[in-house]
Each structure stands twice: as structure tokens, then as C-alpha cells.
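J.: I am sharing target-v8.csv, which consists of CSV, N, CA and C atoms:
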```csv
chain,number,residue,atom,x,y,z
Z,1,MET,N,74.1,25.7,80.2
Z,1,MET,CA,74.4,25.5,78.8
Z,1,MET,C,73.3,26.2,77.9
Z,2,GLY,N,73.7,26.9,76.9
Z,2,GLY,CA,72.8,27.5,76.0
Z,2,GLY,C,72.3,26.5,74.9
Z,3,HIS,N,71.2,26.8,74.4
Z,3,HIS,CA,70.6,25.9,73.3
Z,3,HIS,C,71.2,26.4,72.0
Z,4,THR,N,71.8,25.5,71.3
Z,4,THR,CA,72.4,25.8,70.0
Z,4,THR,C,71.4,25.5,68.9
Z,5,PRO,N,71.1,26.4,68.0
Z,5,PRO,CA,70.2,26.1,66.9
Z,5,PRO,C,70.8,24.9,66.0
Z,6,PHE,N,69.9,24.2,65.4
Z,6,PHE,CA,70.2,23.0,64.6
Z,6,PHE,C,71.3,23.3,63.6
Z,7,LEU,N,71.2,24.3,62.8
Z,7,LEU,CA,72.1,24.5,61.7
Z,7,LEU,C,73.4,25.2,62.2
Z,8,GLN,N,73.4,25.6,63.4
Z,8,GLN,CA,74.6,26.2,64.0
Z,8,GLN,C,75.5,25.2,64.7
Z,9,SER,N,74.9,24.1,65.1
Z,9,SER,CA,75.6,23.0,65.7
Z,9,SER,C,76.5,22.4,64.7
Z,10,SER,N,77.4,21.5,65.2
Z,10,SER,CA,78.4,20.9,64.3
Z,10,SER,C,78.2,19.5,64.0
Z,11,VAL,N,77.7,18.7,65.0
Z,11,VAL,CA,77.6,17.3,64.9
Z,11,VAL,C,76.4,16.8,64.1
Z,12,LYS,N,75.2,17.4,64.4
Z,12,LYS,CA,74.0,16.9,63.7
Z,12,LYS,C,74.0,17.1,62.2
Z,13,PRO,N,74.4,18.2,61.7
Z,13,PRO,CA,74.4,18.3,60.2
Z,13,PRO,C,75.5,17.4,59.6
Z,14,ALA,N,76.6,17.2,60.3
Z,14,ALA,CA,77.6,16.3,59.8
Z,14,ALA,C,77.1,14.9,59.7
Z,15,GLY,N,76.4,14.4,60.8
Z,15,GLY,CA,75.8,13.1,60.8
Z,15,GLY,C,74.8,12.9,59.7
Z,16,ILE,N,73.9,13.9,59.5
Z,16,ILE,CA,72.9,13.8,58.4
Z,16,ILE,C,73.6,13.8,57.1
Z,17,GLY,N,74.6,14.6,57.0
Z,17,GLY,CA,75.4,14.7,55.7
Z,17,GLY,C,76.1,13.4,55.4
Z,18,PHE,N,76.7,12.8,56.3
Z,18,PHE,CA,77.3,11.5,56.1
Z,18,PHE,C,76.3,10.4,55.6
Z,19,LEU,N,75.1,10.5,56.3
Z,19,LEU,CA,74.0,9.5,55.9
Z,19,LEU,C,73.6,9.8,54.4
Z,20,LEU,N,73.4,11.0,54.1
Z,20,LEU,CA,73.0,11.4,52.7
Z,20,LEU,C,74.1,11.1,51.7
Z,21,MET,N,75.3,11.0,52.1
Z,21,MET,CA,76.5,10.8,51.2
Z,21,MET,C,76.8,9.3,51.0
Z,22,ILE,N,76.2,8.4,51.8
Z,22,ILE,CA,76.5,7.0,51.7
Z,22,ILE,C,76.3,6.5,50.3
Z,23,PRO,N,75.1,6.7,49.6
Z,23,PRO,CA,75.0,6.1,48.3
Z,23,PRO,C,76.0,6.7,47.3
Z,24,ALA,N,76.2,8.0,47.3
Z,24,ALA,CA,77.2,8.6,46.4
Z,24,ALA,C,78.6,8.1,46.6
Z,25,LEU,N,79.0,7.9,47.9
Z,25,LEU,CA,80.3,7.4,48.2
Z,25,LEU,C,80.5,6.0,47.8
Z,26,LEU,N,79.4,5.1,48.0
Z,26,LEU,CA,79.5,3.8,47.5
Z,26,LEU,C,79.6,3.7,46.0
Z,27,LEU,N,78.8,4.5,45.3
Z,27,LEU,CA,78.8,4.5,43.9
Z,27,LEU,C,80.2,4.9,43.3
Z,28,CYS,N,80.7,6.1,43.8
Z,28,CYS,CA,82.0,6.6,43.3
Z,28,CYS,C,83.1,5.7,43.8
Z,29,GLY,N,83.1,5.3,45.1
Z,29,GLY,CA,84.2,4.5,45.6
Z,29,GLY,C,84.3,3.2,44.9
Z,30,GLY,N,83.1,2.5,44.7
Z,30,GLY,CA,83.1,1.2,44.0
Z,30,GLY,C,83.6,1.4,42.6
Z,31,GLY,N,83.2,2.4,41.9
Z,31,GLY,CA,83.7,2.7,40.5
Z,31,GLY,C,85.1,2.9,40.4
Z,32,LEU,N,85.7,3.7,41.4
Z,32,LEU,CA,87.1,4.0,41.4
Z,32,LEU,C,87.9,2.7,41.7
Z,33,LEU,N,87.4,1.9,42.7
Z,33,LEU,CA,88.1,0.7,43.0
Z,33,LEU,C,88.2,-0.3,41.8
Z,34,GLN,N,87.1,-0.3,41.1
Z,34,GLN,CA,87.0,-1.2,39.9
Z,34,GLN,C,87.9,-0.7,38.8
Z,35,SER,N,87.8,0.6,38.5
Z,35,SER,CA,88.6,1.2,37.4
Z,35,SER,C,90.1,1.3,37.6
Z,36,LEU,N,90.4,1.7,38.8
Z,36,LEU,CA,91.9,1.9,39.1
Z,36,LEU,C,92.6,0.6,39.6
Z,37,PHE,N,91.9,-0.2,40.4
Z,37,PHE,CA,92.6,-1.3,41.0
Z,37,PHE,C,92.1,-2.7,40.6
Z,38,GLY,N,91.0,-2.7,39.8
Z,38,GLY,CA,90.4,-4.0,39.4
Z,38,GLY,C,89.7,-4.7,40.5
Z,39,VAL,N,89.3,-4.1,41.5
Z,39,VAL,CA,88.6,-4.7,42.6
Z,39,VAL,C,87.1,-4.6,42.4
Z,40,TYR,N,86.4,-5.7,42.2
Z,40,TYR,CA,85.0,-5.8,41.9
Z,40,TYR,C,84.1,-6.1,43.1
Z,41,THR,N,84.7,-6.2,44.3
Z,41,THR,CA,84.0,-6.7,45.5
Z,41,THR,C,82.9,-5.7,45.8
Z,42,VAL,N,83.1,-4.4,45.8
Z,42,VAL,CA,82.1,-3.5,46.3
Z,42,VAL,C,81.0,-3.5,45.3
Z,43,ASN,N,81.3,-3.4,44.0
Z,43,ASN,CA,80.2,-3.4,43.0
Z,43,ASN,C,79.4,-4.7,42.9
Z,44,ASN,N,80.0,-5.8,43.2
Z,44,ASN,CA,79.3,-7.1,43.2
Z,44,ASN,C,78.4,-7.2,44.4
Z,45,ALA,N,78.8,-6.6,45.5
Z,45,ALA,CA,78.0,-6.8,46.7
Z,45,ALA,C,76.8,-5.8,46.8
Z,46,ILE,N,76.7,-4.9,45.9
Z,46,ILE,CA,75.7,-3.9,46.0
Z,46,ILE,C,74.7,-4.0,44.8
Z,47,ASP,N,73.4,-4.0,45.1
Z,47,ASP,CA,72.4,-4.0,44.1
Z,47,ASP,C,72.1,-2.6,43.6
Z,48,PHE,N,72.6,-2.2,42.5
Z,48,PHE,CA,72.5,-0.8,42.1
Z,48,PHE,C,71.2,-0.5,41.4
Z,49,SER,N,70.3,-1.4,41.4
Z,49,SER,CA,68.9,-1.2,40.9
Z,49,SER,C,68.0,-0.6,42.0
Z,50,LEU,N,68.5,-0.5,43.2
Z,50,LEU,CA,67.7,0.1,44.3
Z,50,LEU,C,67.5,1.6,44.0
Z,51,PHE,N,66.4,2.1,44.5
Z,51,PHE,CA,66.0,3.5,44.3
Z,51,PHE,C,67.1,4.5,44.8
Z,52,ILE,N,67.8,4.1,45.9
Z,52,ILE,CA,68.8,5.0,46.5
Z,52,ILE,C,70.0,5.3,45.5
Z,53,PHE,N,70.1,4.5,44.5
Z,53,PHE,CA,71.2,4.8,43.5
Z,53,PHE,C,70.7,5.5,42.2
Z,54,HIS,N,69.5,6.0,42.3
Z,54,HIS,CA,69.0,6.8,41.2
Z,54,HIS,C,69.8,8.1,41.2
Z,55,PRO,N,70.1,8.6,40.0
Z,55,PRO,CA,70.9,9.9,39.9
Z,55,PRO,C,70.3,11.1,40.7
Z,56,ALA,N,69.0,11.2,40.6
Z,56,ALA,CA,68.3,12.3,41.3
Z,56,ALA,C,68.5,12.2,42.8
Z,57,VAL,N,68.4,10.9,43.3
Z,57,VAL,CA,68.5,10.7,44.8
Z,57,VAL,C,70.0,11.0,45.2
Z,58,ILE,N,70.9,10.5,44.4
Z,58,ILE,CA,72.4,10.7,44.7
Z,58,ILE,C,72.7,12.2,44.7
Z,59,LEU,N,72.4,12.9,43.6
Z,59,LEU,CA,72.7,14.3,43.5
Z,59,LEU,C,72.0,15.2,44.5
Z,60,SER,N,70.7,14.9,44.8
Z,60,SER,CA,70.0,15.7,45.8
Z,60,SER,C,70.6,15.5,47.2
Z,61,GLY,N,71.0,14.2,47.5
Z,61,GLY,CA,71.6,13.9,48.8
Z,61,GLY,C,73.0,14.7,48.9
Z,62,VAL,N,73.7,14.7,47.8
Z,62,VAL,CA,75.0,15.4,47.8
Z,62,VAL,C,74.8,16.9,48.1
Z,63,PHE,N,73.9,17.5,47.4
Z,63,PHE,CA,73.7,18.9,47.5
Z,63,PHE,C,73.1,19.3,48.9
Z,64,ILE,N,72.2,18.5,49.4
Z,64,ILE,CA,71.6,18.8,50.7
Z,64,ILE,C,72.7,18.6,51.8
Z,65,ALA,N,73.5,17.6,51.6
Z,65,ALA,CA,74.6,17.4,52.6
Z,65,ALA,C,75.6,18.6,52.5
Z,66,CYS,N,75.9,19.1,51.4
Z,66,CYS,CA,76.7,20.3,51.2
Z,66,CYS,C,76.1,21.5,51.9
Z,67,ILE,N,74.9,21.8,51.6
Z,67,ILE,CA,74.2,23.0,52.1
Z,67,ILE,C,74.1,22.9,53.7
Z,68,LEU,N,73.7,21.7,54.2
Z,68,LEU,CA,73.6,21.6,55.6
Z,68,LEU,C,74.9,21.8,56.3
Z,69,ASN,N,76.0,21.4,55.7
Z,69,ASN,CA,77.3,21.5,56.4
Z,69,ASN,C,78.1,22.8,56.1
Z,70,LEU,N,77.6,23.6,55.1
Z,70,LEU,CA,78.1,24.9,54.9
Z,70,LEU,C,77.6,25.9,55.9
Z,71,PHE,N,76.4,25.7,56.4
Z,71,PHE,CA,75.8,26.7,57.4
Z,71,PHE,C,76.6,26.8,58.6
Z,72,PRO,N,77.1,25.7,59.3
Z,72,PRO,CA,77.9,25.9,60.5
Z,72,PRO,C,79.3,26.5,60.2
Z,73,VAL,N,79.8,26.3,59.0
Z,73,VAL,CA,81.2,26.7,58.7
Z,73,VAL,C,81.3,28.1,58.1
Z,74,LEU,N,80.3,28.4,57.2
Z,74,LEU,CA,80.4,29.7,56.5
Z,74,LEU,C,79.4,30.7,57.0
Z,75,HIS,N,79.9,31.9,57.2
Z,75,HIS,CA,79.0,33.0,57.6
Z,75,HIS,C,79.1,34.1,56.6
Z,76,VAL,N,78.0,34.5,56.0
Z,76,VAL,CA,78.0,35.6,55.0
Z,76,VAL,C,77.1,36.7,55.5
Z,77,ALA,N,77.6,37.9,55.4
Z,77,ALA,CA,76.8,39.1,55.9
Z,77,ALA,C,76.9,40.2,54.9
Z,78,TYR,N,75.9,41.0,54.9
Z,78,TYR,CA,75.9,42.2,54.0
Z,78,TYR,C,75.9,43.5,54.9
Z,79,LYS,N,77.0,44.2,54.7
Z,79,LYS,CA,77.2,45.4,55.6
Z,79,LYS,C,77.7,46.6,54.8
Z,80,ASP,N,77.0,47.7,54.8
Z,80,ASP,CA,77.4,48.9,54.1
Z,80,ASP,C,77.7,48.7,52.6
Z,81,GLY,N,76.9,47.9,52.0
Z,81,GLY,CA,77.1,47.7,50.5
Z,81,GLY,C,78.1,46.7,50.2
Z,82,ASP,N,78.8,46.1,51.2
Z,82,ASP,CA,79.8,45.0,50.9
Z,82,ASP,C,79.3,43.7,51.4
Z,83,ILE,N,79.7,42.7,50.7
Z,83,ILE,CA,79.4,41.3,51.2
Z,83,ILE,C,80.6,40.8,51.9
Z,84,ILE,N,80.4,40.4,53.2
Z,84,ILE,CA,81.5,40.0,54.0
Z,84,ILE,C,81.2,38.5,54.3
Z,85,SER,N,82.2,37.7,54.1
Z,85,SER,CA,82.1,36.2,54.4
Z,85,SER,C,83.3,35.8,55.3
Z,86,THR,N,83.0,35.0,56.2
Z,86,THR,CA,84.0,34.4,57.1
Z,86,THR,C,83.8,32.9,57.1
Z,87,LEU,N,84.9,32.2,57.3
Z,87,LEU,CA,85.0,30.7,57.4
Z,87,LEU,C,85.4,30.3,58.8
Z,88,HIS,N,84.6,29.7,59.5
Z,88,HIS,CA,84.9,29.2,60.9
Z,88,HIS,C,85.5,27.8,60.8
Z,89,LEU,N,86.7,27.6,61.1
Z,89,LEU,CA,87.4,26.3,61.0
Z,89,LEU,C,87.5,25.6,62.4
Z,90,ARG,N,87.5,26.4,63.4
Z,90,ARG,CA,87.7,25.8,64.8
Z,90,ARG,C,86.5,25.0,65.2
Z,91,GLY,N,86.7,23.7,65.5
Z,91,GLY,CA,85.7,22.8,66.0
Z,91,GLY,C,84.7,22.4,64.9
Z,92,ARG,N,85.0,22.6,63.7
Z,92,ARG,CA,84.1,22.3,62.6
Z,92,ARG,C,84.7,21.2,61.6
Z,93,GLY,N,85.5,20.3,62.2
Z,93,GLY,CA,86.2,19.3,61.4
Z,93,GLY,C,85.2,18.4,60.7
Z,94,LEU,N,84.2,18.0,61.4
Z,94,LEU,CA,83.2,17.1,60.8
Z,94,LEU,C,82.5,17.7,59.6
Z,95,ASN,N,82.1,19.0,59.8
Z,95,ASN,CA,81.4,19.6,58.7
Z,95,ASN,C,82.3,19.8,57.5
Z,96,LEU,N,83.6,20.2,57.7
Z,96,LEU,CA,84.5,20.3,56.6
Z,96,LEU,C,84.8,19.0,55.9
Z,97,THR,N,84.8,17.9,56.7
Z,97,THR,CA,85.0,16.6,56.1
Z,97,THR,C,83.8,16.2,55.1
Z,98,VAL,N,82.6,16.5,55.5
Z,98,VAL,CA,81.5,16.3,54.7
Z,98,VAL,C,81.6,17.1,53.4
Z,99,VAL,N,81.9,18.4,53.6
Z,99,VAL,CA,82.1,19.3,52.4
Z,99,VAL,C,83.2,18.8,51.5
Z,100,ALA,N,84.3,18.2,52.0
Z,100,ALA,CA,85.3,17.7,51.2
Z,100,ALA,C,84.9,16.4,50.5
Z,101,CYS,N,84.0,15.6,51.2
Z,101,CYS,CA,83.5,14.4,50.5
Z,101,CYS,C,82.5,14.8,49.4
Z,102,VAL,N,81.8,15.9,49.6
Z,102,VAL,CA,81.0,16.4,48.5
Z,102,VAL,C,81.8,16.8,47.3
Z,103,GLY,N,82.9,17.5,47.6
Z,103,GLY,CA,83.8,17.9,46.5
Z,103,GLY,C,84.4,16.7,45.8
Z,104,PHE,N,84.8,15.6,46.6
Z,104,PHE,CA,85.3,14.4,46.0
Z,104,PHE,C,84.3,13.8,45.1
Z,105,VAL,N,83.1,13.7,45.5
Z,105,VAL,CA,82.0,13.0,44.7
Z,105,VAL,C,81.7,13.8,43.4
Z,106,LEU,N,81.6,15.1,43.6
Z,106,LEU,CA,81.3,15.9,42.4
Z,106,LEU,C,82.5,15.9,41.4
Z,107,MET,N,83.7,15.9,41.9
Z,107,MET,CA,84.9,15.8,41.0
Z,107,MET,C,84.9,14.5,40.3
Z,108,THR,N,84.6,13.4,41.0
Z,108,THR,CA,84.6,12.1,40.4
Z,108,THR,C,83.6,12.0,39.3
Z,109,ILE,N,82.4,12.5,39.6
Z,109,ILE,CA,81.3,12.5,38.6
Z,109,ILE,C,81.7,13.3,37.4
Z,110,PHE,N,82.2,14.5,37.6
Z,110,PHE,CA,82.6,15.3,36.5
Z,110,PHE,C,83.7,14.7,35.7
Z,111,ILE,N,84.7,14.1,36.3
Z,111,ILE,CA,85.8,13.4,35.5
Z,111,ILE,C,85.2,12.2,34.7
Z,112,TYR,N,84.3,11.5,35.3
Z,112,TYR,CA,83.6,10.4,34.7
Z,112,TYR,C,82.9,10.9,33.4
Z,113,LEU,N,82.1,12.0,33.6
Z,113,LEU,CA,81.4,12.5,32.5
Z,113,LEU,C,82.3,12.9,31.3
Z,114,LEU,N,83.4,13.6,31.7
Z,114,LEU,CA,84.4,14.0,30.7
Z,114,LEU,C,85.0,12.7,30.0
Z,115,ALA,N,85.4,11.7,30.7
Z,115,ALA,CA,86.0,10.5,30.1
Z,115,ALA,C,85.0,9.8,29.2
Z,116,GLU,N,83.7,9.7,29.6
Z,116,GLU,CA,82.7,9.0,28.8
Z,116,GLU,C,82.5,9.8,27.5
Z,117,ASN,N,82.4,11.1,27.6
Z,117,ASN,CA,82.1,11.9,26.4
Z,117,ASN,C,83.3,11.9,25.5
Z,118,PHE,N,84.5,11.9,26.0
Z,118,PHE,CA,85.7,11.8,25.1
Z,118,PHE,C,85.8,10.5,24.4
Z,119,GLN,N,85.3,9.4,25.1
Z,119,GLN,CA,85.3,8.1,24.4
Z,119,GLN,C,84.3,8.1,23.2
Z,120,ILE,N,83.2,8.8,23.4
Z,120,ILE,CA,82.2,8.8,22.3
Z,120,ILE,C,82.8,9.6,21.1
Z,121,PHE,N,83.4,10.8,21.4
Z,121,PHE,CA,84.0,11.6,20.3
Z,121,PHE,C,85.2,10.9,19.7
Z,122,ALA,N,85.9,10.1,20.4
Z,122,ALA,CA,87.1,9.4,19.9
Z,122,ALA,C,86.7,8.2,19.1
Z,123,GLY,N,85.5,7.7,19.3
Z,123,GLY,CA,85.1,6.5,18.6
Z,123,GLY,C,85.6,5.2,19.3
Z,124,VAL,N,85.9,5.3,20.6
Z,124,VAL,CA,86.5,4.1,21.3
Z,124,VAL,C,85.3,3.3,21.8
```
Could I get this file's structure written as C-alpha cells?
T.:
Amino acid sequence: MGHTPFLQSSVKPAGIGFLLMIPALLLCGGGLLQSLFGVYTVNNAIDFSLFIFHPAVILSGVFIACILNLFPVLHVAYKDGDIISTLHLRGRGLNLTVVACVGFVLMTIFIYLLAENFQIFAGV
């Protein structure tokens, strides 16, 4: 068996990515459960004053998870003046799941920011 470099393997970056995404998924998931379904259980069980729920920690964890999991999936090369990129999907389901979770979290944060700003402009 050959030795696979850390960023080229599939499981290690996915595991680290999931660990880094836990605060963001708890924050976004709890907020969505409360807003959409009126379920306060998640938000009541978590102390959001902890340092892991600071916006800088959440966003840096999300971006680090995304970068770590794009390396095994995406290959970009520069050849003869052209940029060539390929996406490896086979055997990379865990990495793509982390990238999809990153997309979900960023989309949720973006929609929340839009909704909050429109409430301010509407005077609600």
C-alpha cells in the first residue's frame, strides 16, 4: 500500500471538516428549527455565550472545512496558458458532504442577513 498525502486522502479532511462545522451547524440548525417549526429544544440546551459560537470562530471553521475538503475533490492545473480544472467524485462522498454543509451554512447565514436587514429598512 502506498502512502497517501494528508490532503489527498478522503477521510481525514472530512472528519476534521465535520468537527469544525459542529458549532455552525448547531447555530444554523437550532435557528432554523426555532424559526420554521417553533422547536426551542436545541437553542435552550446550548450555551451560546461559549467562545466556540463567536462569529470569527464559526466562519473560520466553515472556511477551513471548505478548503480542506476541496483539495481531495478539486484539481486545478495550468497548462499551455489555460487553466484546467477537474472534479473527482468517485470515492469522495464524505468530502462533498462537508462542502455541501458549508454551502448550507453560508446560504443560511446569507438569508438571515438579508431578512434582518430588510426588517430594519421596513421598520418592522
J.: Give me, please, the distance in Å between atom C of Cys28 in chain Z and atom C of Phe71 in chain Z, quoted to one decimal.
T.: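 A separation of 26.6 Å between them.
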J.: What is the distance between atom C of Val105 in chain Z and atom C of Ile22 in chain Z, in Å to one decimal?
T.: 11.4 Å
J.: Could you please write out, as a ChimeraX atom specification, every residue of chain Z that DSSP assigns to alpha helix (DSSP H)?
T.: /Z:11-32,41-45,55-70,93-122
J.: May I ask which of the residues Z:Met21, Z:Tyr112, Z:Ile83, Z:His75 is the closest one to Gly61 in chain Z, counting only N, CA and C atoms?
T.: Z:Met21
J.: Could you pull the residues within 8 Å of Val99 in chain Z, counting all atoms listed in the file, minus those fewer than 4 positions along the same chain, as a PyMOL selection string?
T.: chain Z and resi 14+17+65-67+69-70+93-95+103-105
J.: Please, what distance in Å, to one decimal, runs between CA of Leu87 in chain Z and CA of Leu26 in chain Z?
T.: 29.2 Å
J.: Any idea what's packed within 7 Å of Val102 in chain Z, counting all atoms listed in the file, ignoring anything in its chain fewer than 5 positions away? Could you give it as a PyMOL selection string?
T.: chain Z and resi 62+66+97+107
J.: Would you be able to write out as a list of chain:residue names which residues have an atom within 5 Å of (83.1, -0.4, 46.2) in the file's coordinates, counting all atoms listed in the file?
T.: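 All residues meeting the 5 Å criterion around (83.1, -0.4, 46.2) are Z:Gly29, Z:Gly30, Z:Val42, Z:Asn43.
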J.: Excluding Phe53 in chain Z and its own-chain neighbours fewer than 3 positions away, which residues fall within 8 Å of it when counting only C-alpha atoms? Please give them as a PyMOL selection string.
T.: chain Z and resi 23-24+27+48-50+57-58
J.: Dump N, CA and C atoms for the selected residues as a short mmCIF file (atom, residue, chain, number, x, y, z; two decimals), in the frame of the given file?
T.:
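Generated file (selection12.cif):
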```cif
data_model
loop_
_atom_site.label_atom_id
_atom_site.label_comp_id
_atom_site.auth_asym_id
_atom_site.auth_seq_id
_atom_site.Cartn_x
_atom_site.Cartn_y
_atom_site.Cartn_z
N PRO Z 23 75.10 6.70 49.60
CA PRO Z 23 75.00 6.10 48.30
C PRO Z 23 76.00 6.70 47.30
N ALA Z 24 76.20 8.00 47.30
CA ALA Z 24 77.20 8.60 46.40
C ALA Z 24 78.60 8.10 46.60
N LEU Z 27 78.80 4.50 45.30
CA LEU Z 27 78.80 4.50 43.90
C LEU Z 27 80.20 4.90 43.30
N PHE Z 48 72.60 -2.20 42.50
CA PHE Z 48 72.50 -0.80 42.10
C PHE Z 48 71.20 -0.50 41.40
N SER Z 49 70.30 -1.40 41.40
CA SER Z 49 68.90 -1.20 40.90
C SER Z 49 68.00 -0.60 42.00
N LEU Z 50 68.50 -0.50 43.20
CA LEU Z 50 67.70 0.10 44.30
C LEU Z 50 67.50 1.60 44.00
N VAL Z 57 68.40 10.90 43.30
CA VAL Z 57 68.50 10.70 44.80
C VAL Z 57 70.00 11.00 45.20
N ILE Z 58 70.90 10.50 44.40
CA ILE Z 58 72.40 10.70 44.70
C ILE Z 58 72.70 12.20 44.70
#
```
